[in-house]
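**Q** Data file my_file.pdb (PDB, C-alpha atoms) is appended below.
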```
MODEL        1
ATOM      1  CA  MET V   1      18.911 -35.487   8.025
ATOM      2  CA  SER V   2      21.313 -33.198   6.206
ATOM      3  CA  LEU V   3      20.529 -29.975   4.394
ATOM      4  CA  PRO V   4      20.635 -29.838   0.583
ATOM      5  CA  THR V   5      23.751 -28.051  -0.660
ATOM      6  CA  GLN V   6      21.568 -25.369  -2.215
ATOM      7  CA  THR V   7      19.850 -24.633   1.097
ATOM      8  CA  THR V   8      23.174 -24.572   2.947
ATOM      9  CA  GLN V   9      24.607 -22.024   0.536
ATOM     10  CA  LEU V  10      21.522 -19.814   0.810
ATOM     11  CA  LEU V  11      21.629 -19.951   4.609
ATOM     12  CA  GLN V  12      25.287 -18.911   4.569
ATOM     13  CA  THR V  13      24.466 -16.032   2.206
ATOM     14  CA  ALA V  14      21.607 -14.952   4.473
ATOM     15  CA  ARG V  15      23.942 -14.968   7.492
ATOM     16  CA  ASP V  16      26.504 -12.844   5.653
ATOM     17  CA  LEU V  17      23.834 -10.381   4.513
ATOM     18  CA  VAL V  18      22.515  -9.930   8.057
ATOM     19  CA  ARG V  19      26.015  -9.074   9.231
ATOM     20  CA  GLY V  20      27.030  -7.019   6.212
ATOM     21  CA  LEU V  21      24.018  -4.844   5.409
ATOM     22  CA  PRO V  22      23.205  -5.020   8.332
ATOM     23  CA  ALA V  23      19.762  -6.639   8.490
ATOM     24  CA  ASP V  24      17.625  -7.388  11.538
ATOM     25  CA  ALA V  25      16.605 -11.015  11.061
ATOM     26  CA  VAL V  26      16.232 -14.022   8.797
ATOM     27  CA  LEU V  27      12.758 -15.353   7.985
ATOM     28  CA  LEU V  28      12.525 -18.985   6.835
ATOM     29  CA  LEU V  29       9.335 -19.971   4.990
ATOM     30  CA  THR V  30       9.558 -23.718   4.666
ATOM     31  CA  GLU V  31       7.389 -26.378   3.044
ATOM     32  CA  THR V  32       9.629 -29.277   4.075
ATOM     33  CA  PRO V  33      11.346 -30.522   7.267
ATOM     34  CA  LEU V  34      14.846 -29.118   7.792
ATOM     35  CA  ASP V  35      17.854 -30.149   9.828
ATOM     36  CA  TRP V  36      17.229 -27.511  12.473
ATOM     37  CA  ASP V  37      20.481 -28.201  14.310
ATOM     38  CA  GLU V  38      22.375 -27.405  11.130
ATOM     39  CA  VAL V  39      20.217 -24.328  10.455
ATOM     40  CA  SER V  40      20.986 -23.105  13.973
ATOM     41  CA  ARG V  41      24.710 -23.717  13.500
ATOM     42  CA  ILE V  42      24.920 -21.828  10.189
ATOM     43  CA  LEU V  43      22.805 -18.898  11.399
ATOM     44  CA  GLY V  44      24.448 -18.712  14.824
ATOM     45  CA  GLY V  45      24.007 -15.289  16.401
ATOM     46  CA  VAL V  46      21.271 -14.266  13.935
ATOM     47  CA  LYS V  47      17.632 -13.675  14.916
ATOM     48  CA  ILE V  48      15.676 -16.446  13.154
ATOM     49  CA  PHE V  49      11.946 -16.468  12.396
ATOM     50  CA  VAL V  50      10.266 -19.580  11.003
ATOM     51  CA  ALA V  51       6.881 -19.804   9.286
ATOM     52  CA  ALA V  52       5.818 -23.149   7.863
ATOM     53  CA  GLU V  53       3.092 -24.643   5.733
ATOM     54  CA  THR V  54       1.949 -26.980   8.523
ATOM     55  CA  ALA V  55       2.097 -26.990  12.313
ATOM     56  CA  ALA V  56       4.027 -30.267  12.267
ATOM     57  CA  LEU V  57       6.996 -28.592  10.576
ATOM     58  CA  THR V  58       7.501 -26.105  13.407
ATOM     59  CA  LYS V  59       6.589 -28.387  16.328
ATOM     60  CA  PRO V  60      10.267 -29.317  17.035
ATOM     61  CA  LEU V  61      11.116 -25.601  17.382
ATOM     62  CA  ARG V  62       8.643 -24.644  20.094
ATOM     63  CA  ASP V  63      11.097 -25.292  22.925
ATOM     64  CA  ARG V  64      14.199 -23.916  21.212
ATOM     65  CA  ASP V  65      15.227 -20.398  22.188
ATOM     66  CA  GLU V  66      17.125 -19.639  18.976
ATOM     67  CA  PHE V  67      13.977 -19.923  16.817
ATOM     68  CA  GLU V  68      10.915 -17.660  16.869
ATOM     69  CA  VAL V  69       7.918 -19.481  15.372
ATOM     70  CA  ILE V  70       5.408 -17.322  13.533
ATOM     71  CA  ASP V  71       1.952 -18.855  13.942
ATOM     72  CA  MET V  72      -0.173 -18.540  10.816
ATOM     73  CA  ASP V  73      -3.377 -19.952   9.379
ATOM     74  CA  PHE V  74      -2.477 -23.198   7.685
ATOM     75  CA  GLU V  75      -4.278 -22.853   4.364
ATOM     76  CA  PRO V  76      -3.006 -23.137   0.786
ATOM     77  CA  LEU V  77      -1.911 -19.659  -0.317
ATOM     78  CA  PRO V  78       0.453 -18.326  -2.978
ATOM     79  CA  ILE V  79       3.990 -17.881  -1.651
ATOM     80  CA  GLN V  80       3.778 -14.087  -2.021
ATOM     81  CA  GLU V  81       0.717 -13.946   0.210
ATOM     82  CA  ARG V  82       2.225 -16.301   2.793
ATOM     83  CA  LEU V  83       5.393 -14.199   2.864
ATOM     84  CA  SER V  84       3.415 -10.990   3.401
ATOM     85  CA  ASN V  85       1.222 -12.574   6.073
ATOM     86  CA  ALA V  86       4.266 -13.889   7.943
ATOM     87  CA  LEU V  87       5.908 -10.457   8.022
ATOM     88  CA  LEU V  88       2.692  -8.722   9.040
ATOM     89  CA  THR V  89       2.138 -11.280  11.807
ATOM     90  CA  ALA V  90       5.669 -10.725  13.103
ATOM     91  CA  ILE V  91       5.115  -6.966  13.186
ATOM     92  CA  THR V  92       1.718  -7.279  14.847
ATOM     93  CA  ALA V  93       3.291  -9.437  17.566
ATOM     94  CA  LYS V  94       6.083  -6.819  17.906
ATOM     95  CA  HIS V  95       8.770  -9.345  16.979
ATOM     96  CA  LEU V  96       9.797  -6.974  14.161
ATOM     97  CA  GLN V  97       9.570  -3.211  13.901
ATOM     98  CA  PRO V  98       8.467  -1.167  10.881
ATOM     99  CA  GLY V  99      11.633  -0.070   9.125
ATOM    100  CA  ALA V 100      13.426  -3.384   9.694
ATOM    101  CA  HIS V 101      15.380  -5.209   6.990
ATOM    102  CA  VAL V 102      14.601  -8.920   6.761
ATOM    103  CA  VAL V 103      16.414 -11.565   4.735
ATOM    104  CA  VAL V 104      13.779 -14.051   3.564
ATOM    105  CA  LEU V 105      14.470 -17.627   2.434
ATOM    106  CA  TYR V 106      11.669 -19.554   0.717
ATOM    107  CA  ASN V 107      10.634 -21.798  -2.150
ATOM    108  CA  GLY V 108       9.854 -19.308  -4.905
ATOM    109  CA  ILE V 109       9.447 -21.805  -7.734
ATOM    110  CA  ALA V 110       6.010 -23.387  -8.165
ATOM    111  CA  THR V 111       5.927 -27.151  -7.699
ATOM    112  CA  LEU V 112       3.359 -29.917  -7.596
ATOM    113  CA  ASP V 113       1.259 -29.966  -4.422
ATOM    114  CA  ASP V 114       2.476 -33.445  -3.537
ATOM    115  CA  ALA V 115       6.143 -32.664  -4.209
ATOM    116  CA  PRO V 116       7.255 -29.661  -2.152
ATOM    117  CA  GLU V 117      10.776 -28.431  -2.801
ATOM    118  CA  PRO V 118      13.458 -27.233  -0.387
ATOM    119  CA  ILE V 119      14.383 -23.567  -0.117
ATOM    120  CA  ASP V 120      15.551 -22.145  -3.443
ATOM    121  CA  SER V 121      15.178 -18.343  -3.257
ATOM    122  CA  LEU V 122      16.420 -15.380  -1.225
ATOM    123  CA  SER V 123      15.090 -11.828  -0.963
ATOM    124  CA  VAL V 124      15.914  -8.823   1.180
ATOM    125  CA  ILE V 125      12.795  -6.882   2.161
ATOM    126  CA  HIS V 126      12.585  -3.485   3.817
ATOM    127  CA  LEU V 127       9.473  -3.010   5.929
ATOM    128  CA  GLY V 128       8.085   0.485   5.314
ATOM    129  CA  GLU V 129       8.568   2.942   8.147
ATOM    130  CA  HIS V 130       4.809   3.462   8.501
ATOM    131  CA  LEU V 131       3.606  -0.122   8.140
ATOM    132  CA  GLU V 132       0.432  -0.650  10.143
ATOM    133  CA  ARG V 133      -1.851  -3.564  10.853
ATOM    134  CA  MET V 134      -5.523  -2.694  11.017
ATOM    135  CA  THR V 135      -7.216  -4.110  14.116
ATOM    136  CA  ALA V 136     -10.839  -4.494  15.152
ATOM    137  CA  GLN V 137     -10.349  -1.666  17.637
ATOM    138  CA  ASP V 138      -9.163   0.622  14.825
ATOM    139  CA  LEU V 139     -12.235  -0.201  12.756
ATOM    140  CA  ARG V 140     -14.669   0.592  15.559
ATOM    141  CA  ILE V 141     -14.140   4.268  14.778
ATOM    142  CA  LEU V 142     -16.333   3.624  11.710
ATOM    143  CA  GLY V 143     -19.343   2.774  13.889
ATOM    144  CA  PRO V 144     -21.807  -0.130  13.795
ATOM    145  CA  GLY V 145     -23.383   0.584  10.400
ATOM    146  CA  ILE V 146     -21.479  -2.198   8.647
ATOM    147  CA  PRO V 147     -20.662  -5.567  10.288
ATOM    148  CA  MET V 148     -17.092  -5.829  11.553
ATOM    149  CA  GLU V 149     -16.495  -9.020   9.566
ATOM    150  CA  VAL V 150     -17.309  -7.260   6.297
ATOM    151  CA  LEU V 151     -15.104  -4.281   7.173
ATOM    152  CA  ARG V 152     -12.157  -6.545   7.973
ATOM    153  CA  LEU V 153     -12.554  -8.515   4.755
ATOM    154  CA  VAL V 154     -12.713  -5.366   2.628
ATOM    155  CA  VAL V 155      -9.668  -3.929   4.430
ATOM    156  CA  ASP V 156      -7.741  -7.151   3.764
ATOM    157  CA  LEU V 157      -8.889  -7.214   0.136
ATOM    158  CA  SER V 158      -7.976  -3.557  -0.431
ATOM    159  CA  THR V 159      -4.546  -3.852   1.179
ATOM    160  CA  GLU V 160      -3.825  -6.923  -0.945
ATOM    161  CA  ILE V 161      -4.721  -4.956  -4.078
ATOM    162  CA  GLY V 162      -2.473  -2.109  -2.961
ATOM    163  CA  ARG V 163       0.393  -4.402  -1.998
ATOM    164  CA  GLU V 164       0.308  -6.864  -4.872
ATOM    165  CA  GLY V 165      -1.227  -5.031  -7.820
ATOM    166  CA  ARG V 166      -2.045  -7.425 -10.641
ATOM    167  CA  GLU V 167       0.384  -9.163 -12.971
ATOM    168  CA  GLY V 168       3.198  -6.983 -11.694
ATOM    169  CA  GLN V 169       1.372  -3.712 -12.333
ATOM    170  CA  PRO V 170       0.182  -1.354  -9.558
ATOM    171  CA  ILE V 171      -3.568  -0.887  -9.282
ATOM    172  CA  GLY V 172      -5.644   1.923  -7.832
ATOM    173  CA  THR V 173      -9.321   1.458  -7.082
ATOM    174  CA  VAL V 174     -12.266   2.456  -4.889
ATOM    175  CA  VAL V 175     -14.422  -0.055  -3.009
ATOM    176  CA  VAL V 176     -17.662   1.431  -1.645
ATOM    177  CA  VAL V 177     -19.405  -0.536   1.115
ATOM    178  CA  GLY V 178     -22.988  -0.039   2.288
ATOM    179  CA  ASP V 179     -25.970   2.188   1.339
ATOM    180  CA  THR V 180     -25.814   0.566  -2.099
ATOM    181  CA  ARG V 181     -29.187   1.831  -3.332
ATOM    182  CA  ARG V 182     -28.307   5.486  -2.738
ATOM    183  CA  VAL V 183     -24.771   5.025  -4.086
ATOM    184  CA  LEU V 184     -26.182   3.597  -7.329
ATOM    185  CA  LYS V 185     -28.438   6.638  -7.709
ATOM    186  CA  MET V 186     -25.320   8.815  -7.643
ATOM    187  CA  SER V 187     -23.386   6.618 -10.074
ATOM    188  CA  ARG V 188     -23.388   5.439 -13.661
ATOM    189  CA  PHE V 189     -21.952   2.349 -15.291
ATOM    190  CA  GLN V 190     -18.919   2.880 -17.500
ATOM    191  CA  ASN V 191     -19.088  -0.663 -18.810
ATOM    192  CA  PHE V 192     -21.043  -3.860 -18.220
ATOM    193  CA  ASN V 193     -21.621  -4.923 -14.615
ATOM    194  CA  PRO V 194     -19.323  -7.958 -14.059
ATOM    195  CA  PHE V 195     -21.501  -9.190 -11.171
ATOM    196  CA  ARG V 196     -24.769  -9.253 -13.083
ATOM    197  CA  GLY V 197     -26.383 -12.682 -13.343
ATOM    198  CA  TYR V 198     -24.491 -14.289 -10.463
ATOM    199  CA  THR V 199     -26.107 -15.620  -7.285
ATOM    200  CA  LYS V 200     -25.443 -14.012  -3.914
ATOM    201  CA  ALA V 201     -23.242 -16.956  -2.948
ATOM    202  CA  GLU V 202     -21.139 -16.304  -6.034
ATOM    203  CA  ARG V 203     -20.724 -12.641  -5.027
ATOM    204  CA  ASP V 204     -20.026 -13.042  -1.303
ATOM    205  CA  VAL V 205     -16.701 -11.476  -0.282
ATOM    206  CA  ARG V 206     -16.411 -14.013   2.545
ATOM    207  CA  ASP V 207     -15.458 -16.495  -0.166
ATOM    208  CA  ARG V 208     -11.741 -16.246  -1.006
ATOM    209  CA  SER V 209     -12.389 -17.087  -4.667
ATOM    210  CA  VAL V 210     -14.774 -14.127  -4.893
ATOM    211  CA  ARG V 211     -12.115 -11.829  -3.443
ATOM    212  CA  GLU V 212      -9.650 -13.110  -6.031
ATOM    213  CA  GLN V 213     -12.183 -12.306  -8.774
ATOM    214  CA  ILE V 214     -12.598  -8.797  -7.361
ATOM    215  CA  LYS V 215      -8.824  -8.318  -7.593
ATOM    216  CA  GLU V 216      -9.100  -9.022 -11.319
ATOM    217  CA  ILE V 217     -12.066  -6.693 -11.690
ATOM    218  CA  ALA V 218     -10.116  -3.944  -9.894
ATOM    219  CA  LYS V 219      -7.974  -3.625 -13.033
ATOM    220  CA  LEU V 220     -11.001  -2.150 -14.807
ATOM    221  CA  ASP V 221     -11.962   1.518 -14.556
ATOM    222  CA  GLY V 222     -14.553   2.512 -11.989
ATOM    223  CA  ALA V 223     -15.522   1.771  -8.412
ATOM    224  CA  ILE V 224     -16.641  -1.546  -6.915
ATOM    225  CA  LEU V 225     -19.814  -1.564  -4.823
ATOM    226  CA  VAL V 226     -20.344  -4.012  -1.948
ATOM    227  CA  GLY V 227     -23.485  -4.235   0.187
ATOM    228  CA  ARG V 228     -23.319  -4.034   3.980
ATOM    229  CA  ASP V 229     -24.001  -7.785   3.963
ATOM    230  CA  GLY V 230     -20.741  -8.430   2.075
ATOM    231  CA  ILE V 231     -22.374  -9.175  -1.284
ATOM    232  CA  ALA V 232     -20.662  -7.516  -4.262
ATOM    233  CA  GLU V 233     -23.342  -5.637  -6.192
ATOM    234  CA  ALA V 234     -21.626  -3.743  -9.016
ATOM    235  CA  ALA V 235     -18.312  -2.736 -10.563
ATOM    236  CA  CYS V 236     -17.044  -0.461 -13.344
ATOM    237  CA  VAL V 237     -19.091   2.309 -11.729
ATOM    238  CA  TYR V 238     -18.364   6.019 -12.131
ATOM    239  CA  LEU V 239     -19.134   7.917  -8.928
ATOM    240  CA  ASP V 240     -20.893  11.089 -10.044
ATOM    241  CA  VAL V 241     -20.811  13.050  -6.790
ATOM    242  CA  PRO V 242     -20.247  16.745  -6.057
ATOM    243  CA  SER V 243     -17.043  17.764  -4.314
ATOM    244  CA  ASP V 244     -18.627  20.502  -2.221
ATOM    245  CA  GLY V 245     -17.637  20.329   1.422
ATOM    246  CA  ILE V 246     -14.676  18.028   0.711
ATOM    247  CA  ASP V 247     -11.368  19.247   2.114
ATOM    248  CA  LEU V 248      -8.508  16.989   1.015
ATOM    249  CA  ALA V 249      -4.823  17.752   1.283
ATOM    250  CA  LYS V 250      -3.083  18.933  -1.858
ATOM    251  CA  GLY V 251      -1.861  16.071  -4.023
ATOM    252  CA  PHE V 252      -4.908  13.812  -3.867
ATOM    253  CA  GLY V 253      -6.463  13.089  -7.239
ATOM    254  CA  SER V 254      -9.939  12.413  -8.586
ATOM    255  CA  ARG V 255     -10.113   8.878  -7.170
ATOM    256  CA  HIS V 256      -9.683  10.105  -3.597
ATOM    257  CA  MET V 257     -12.054  13.008  -4.230
ATOM    258  CA  ALA V 258     -14.743  10.608  -5.485
ATOM    259  CA  ALA V 259     -14.243   8.308  -2.470
ATOM    260  CA  ALA V 260     -14.550  11.228  -0.064
ATOM    261  CA  GLY V 261     -17.569  12.611  -1.941
ATOM    262  CA  ILE V 262     -19.578   9.390  -2.018
ATOM    263  CA  SER V 263     -18.968   8.885   1.697
ATOM    264  CA  ARG V 264     -20.160  12.437   2.400
ATOM    265  CA  HIS V 265     -23.397  12.231   0.390
ATOM    266  CA  THR V 266     -24.371   8.689   1.431
ATOM    267  CA  LYS V 267     -24.015   6.454   4.478
ATOM    268  CA  ALA V 268     -21.463   4.310   2.662
ATOM    269  CA  ILE V 269     -17.817   3.866   3.629
ATOM    270  CA  ALA V 270     -15.286   4.236   0.807
ATOM    271  CA  PHE V 271     -11.970   2.375   0.658
ATOM    272  CA  CYS V 272      -9.554   4.077  -1.731
ATOM    273  CA  VAL V 273      -6.333   2.380  -2.888
ATOM    274  CA  SER V 274      -3.644   4.690  -4.259
ATOM    275  CA  GLN V 275      -2.169   3.448  -7.520
ATOM    276  CA  SER V 276       1.195   5.138  -6.953
ATOM    277  CA  SER V 277       1.899   3.975  -3.392
ATOM    278  CA  GLY V 278      -0.616   1.206  -2.633
ATOM    279  CA  THR V 279      -1.772   3.132   0.453
ATOM    280  CA  LEU V 280      -5.341   2.428   1.583
ATOM    281  CA  ARG V 281      -7.369   5.387   2.860
ATOM    282  CA  ILE V 282     -10.813   4.894   4.379
ATOM    283  CA  PHE V 283     -13.401   7.676   4.052
ATOM    284  CA  GLN V 284     -16.597   8.218   6.024
ATOM    285  CA  ASP V 285     -18.802  11.337   6.098
ATOM    286  CA  GLY V 286     -16.422  12.962   3.612
ATOM    287  CA  VAL V 287     -13.453  12.658   5.970
ATOM    288  CA  MET V 288     -10.469  10.321   5.888
ATOM    289  CA  LYS V 289     -10.875   8.243   9.045
ATOM    290  CA  LEU V 290      -8.118   5.622   8.705
ATOM    291  CA  HIS V 291      -5.218   4.683   6.481
ATOM    292  CA  ILE V 292      -2.904   1.708   6.159
ATOM    293  CA  GLU V 293       0.410   1.475   4.339
ATOM    294  CA  PRO V 294       1.332  -1.668   2.410
ATOM    295  CA  LEU V 295       4.493  -3.690   2.645
ATOM    296  CA  ALA V 296       7.088  -2.257   0.276
ATOM    297  CA  ARG V 297       6.149  -3.484  -3.178
ATOM    298  CA  PRO V 298       6.771  -5.249  -5.367
ATOM    299  CA  HIS V 299       7.970  -8.361  -3.583
ATOM    300  CA  VAL V 300      11.232  -9.566  -5.045
ATOM    301  CA  TRP V 301      11.535 -12.783  -7.003
ATOM    302  CA  GLN V 302      15.086 -12.199  -8.288
ATOM    303  CA  PRO V 303      17.910 -13.912  -6.336
ATOM    304  CA  LEU V 304      18.703 -10.715  -4.457
ATOM    305  CA  ARG V 305      17.482  -7.150  -4.369
ATOM    306  CA  LEU V 306      17.082  -4.627  -1.584
ATOM    307  CA  GLU V 307      13.621  -3.088  -1.458
ATOM    308  CA  ASN V 308      13.395   0.642  -0.928
ATOM    309  CA  ALA V 309      10.952   2.153   1.530
ATOM    310  CA  GLU V 310       7.672   3.646   0.259
ATOM    311  CA  ASP V 311       8.247   7.014  -1.340
ATOM    312  CA  GLY V 312       4.986   8.379   0.051
ATOM    313  CA  LYS V 313       3.459   9.429  -3.256
ATOM    314  CA  GLY V 314      -0.334   9.595  -3.233
TER     315      GLY V 314
ENDMDL
END
```
Any chance you could put this one into structure tokens?
**A**
Amino acid sequence: MSLPTQTTQLLQTARDLVRGLPADAVLLLTETPLDWDEVSRILGGVKIFVAAETAALTKPLRDRDEFEVIDMDFEPLPIQERLSNALLTAITAKHLQPGAHVVVLYNGIATLDDAPEPIDSLSVIHLGEHLERMTAQDLRILGPGIPMEVLRLVVDLSTEIGREGREGQPIGTVVVVGDTRRVLKMSRFQNFNPFRGYTKAERDVRDRSVREQIKEIAKLDGAILVGRDGIAEAACVYLDVPSDGIDLAKGFGSRHMAAAGISRHTKAIAFCVSQSSGTLRIFQDGVMKLHIEPLARPHVWQPLRLENAEDGKG
């Protein structure tokens, strides 16, 4: 099996970029089998990570020292999400360090499900200096009031909103989880409630399609309310809470103040996504307890562009 000319040329470009920038590694996201001997020859001396759409594609690499296989959940996801998950997995496993430059090769052009294409795109991505991966141990600081599964799902949802935005535009939002009845008493609707009239099953954040709908709703003004059971209850909500007793660093705006306030005056936990940086900050009892930085955004779909690190704006 030989490599398509297009793939060969991209591999050679990736090799030259690693040596010339310099960059730290090449990440291959493949949907098709490759001539791995030829890949190894072209990328000789370069650290190579491989993430694939199925386990069968990476099985021949398990015993080869020159390839580092990134194990991922094999489920149909958009290429942008698979790319982000692969990089986050590599960092979590300490194969890559925050601050690294990675040359990524992938199929960036949508194709039919039954007709995957070979590699056709190249990007250079800089992993922000403060990139973190939230773990269950990190979340235990928030206590047992809300099930760990719900916390993890809301963290993942919020970081995706911060990292991806919507339709190329950055999005800032607040997701309030738990103590829904009291939160609603301290809120007012700015618009219609997008969740009204739907069954619990159709509002359960455990369902990926529901999380995708929430990403769309996040474009609208107002906070999103989720019960401690993971059922989305309301959106387009204005949090009408006093700011007394809230001590935030200079530079935080009204969105962060509202998130801190609602967490102080209720038993809810507030997840606030910064529109300018995509940073997620988690508030409880009026205090910021945790934060997570996104991958540098936006991801690059041009043939080549070097991403800058996060500028740290709030």
**Q** Tell me which residues the PyMOL selection byres ((chain V and resi 235) around 6) grabs here, as a VMD selection string.
**A** chain V and resid 193 223 to 224 234 236 to 237
**Q** Could you pull the residues within 12 Å of V:Thr54, counting all atoms listed in the file, minus those fewer than 2 positions along the same chain, as a list in words?
**A**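 The residues that qualify are Leu29, Thr30, Glu31, Thr32, Pro33, Val50, Ala51, Ala52, Ala56, Leu57, Thr58, Lys59, Val69, Ile70, Asp71, Met72, Asp73, Phe74, Glu75 and Pro76 of chain V.
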**Q** Report as a PyMOL selection string the residues that result from applying the PyMOL selection byres ((chain V and resi 181) around 12) to the structure here.
**A** chain V and resi 176-180+182-187+225-228+233-234+266-268
**Q** Expand the PyMOL selection byres ((chain V and resi 38) around 10) into the explicit residue set it covers here, and present it as a VMD selection string.
**A** chain V and resid 1 to 3 8 11 34 to 37 39 to 44
**Q** Select, from V:Leu151, V:Val241, V:Met257, V:Leu87, the residue with the minimum atom-to-atom distance to V:His126, counting all atoms listed in the file.
**A**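 Among the listed residues, the smallest separation from V:His126 belongs to V:Leu87.
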**Q** Let me make sure I understand: among V:Leu239, V:Leu61, V:Leu280, V:Leu153, which one has the smallest atom-to-atom distance to V:Ala258 if we use only C-alpha atoms?
**A** V:Leu239
**Q** For a cutoff of 12 Å around the file-coordinate point (3.4, -10.2, 18.1), which residues qualify once you count all atoms listed in the file? I'd like the result as a list in words.
**A**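 Result, sorted by chain then residue number: Glu68, Val69, Ile70, Asp71, Met72, Ala86, Leu87, Leu88, Thr89, Ala90, Ile91, Thr92, Ala93, Lys94, His95, Leu96, Gln97 and Arg133 of chain V.
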**Q** Could you tell me which of V:Ala100, V:Leu83, V:His256, V:Leu122 comes closest to V:Thr13 if we count all atoms listed in the file?
**A**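 Of all the options, V:Leu122 lies closest to V:Thr13.
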**Q** Stretch 6-17 of chain V, all listed atoms, 6 Å padding on each side: what axis-aligned box centre and edge lengths in Å to one decimal come out, as AutoDock Vina command-line options?
**A**
```
--center_x 23.2 --center_y -17.9 --center_z 2.6 --size_x 18.7 --size_y 27.0 --size_z 21.7
```
**Q** Around the point (-1.0, -7.4, -10.6), in the coordinates given by the file, pick out the residues reaching within 12 Å, counting only C-alpha atoms, and return them as number ranges by chain.
**A** V: 80, 160-172, 212, 215-219, 275, 278, 297-299
**Q** Nearest residue to V:Met148 out of V:Asp229, V:Thr7, V:Ser254, V:Gly286, using only C-alpha atoms?
**A**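 Residue with the minimum atom-to-atom distance to V:Met148: V:Asp229.
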**Q** Counting only C-alpha atoms, figure out which residue out of V:Leu10, V:Met288, V:Ile119, V:Leu127 gets nearest to V:Ser263.
**A**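 The answer is V:Met288, which sits nearest to V:Ser263.
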**Q** For a quick check of understanding, using all atoms listed in the file, which of V:Val150, V:Val155, V:Ile282, V:Ile246 has the smallest distance to V:Ile231?
**A**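 Ranked by minimum distance to V:Ile231, first place goes to V:Val150.
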**Q** Got a sec: who's within 7 Å of V:Val205, counting all atoms listed in the file, leaving out chain neighbours fewer than 3 positions off, as a ChimeraX atom specification?
**A** /V:208,210-211,230-232
**Q** Which value, in Å to one decimal, gives the distance between atom CA of V:Gln12 and atom CA of V:Arg62?
**A**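 These atoms are spaced 23.5 Å apart.
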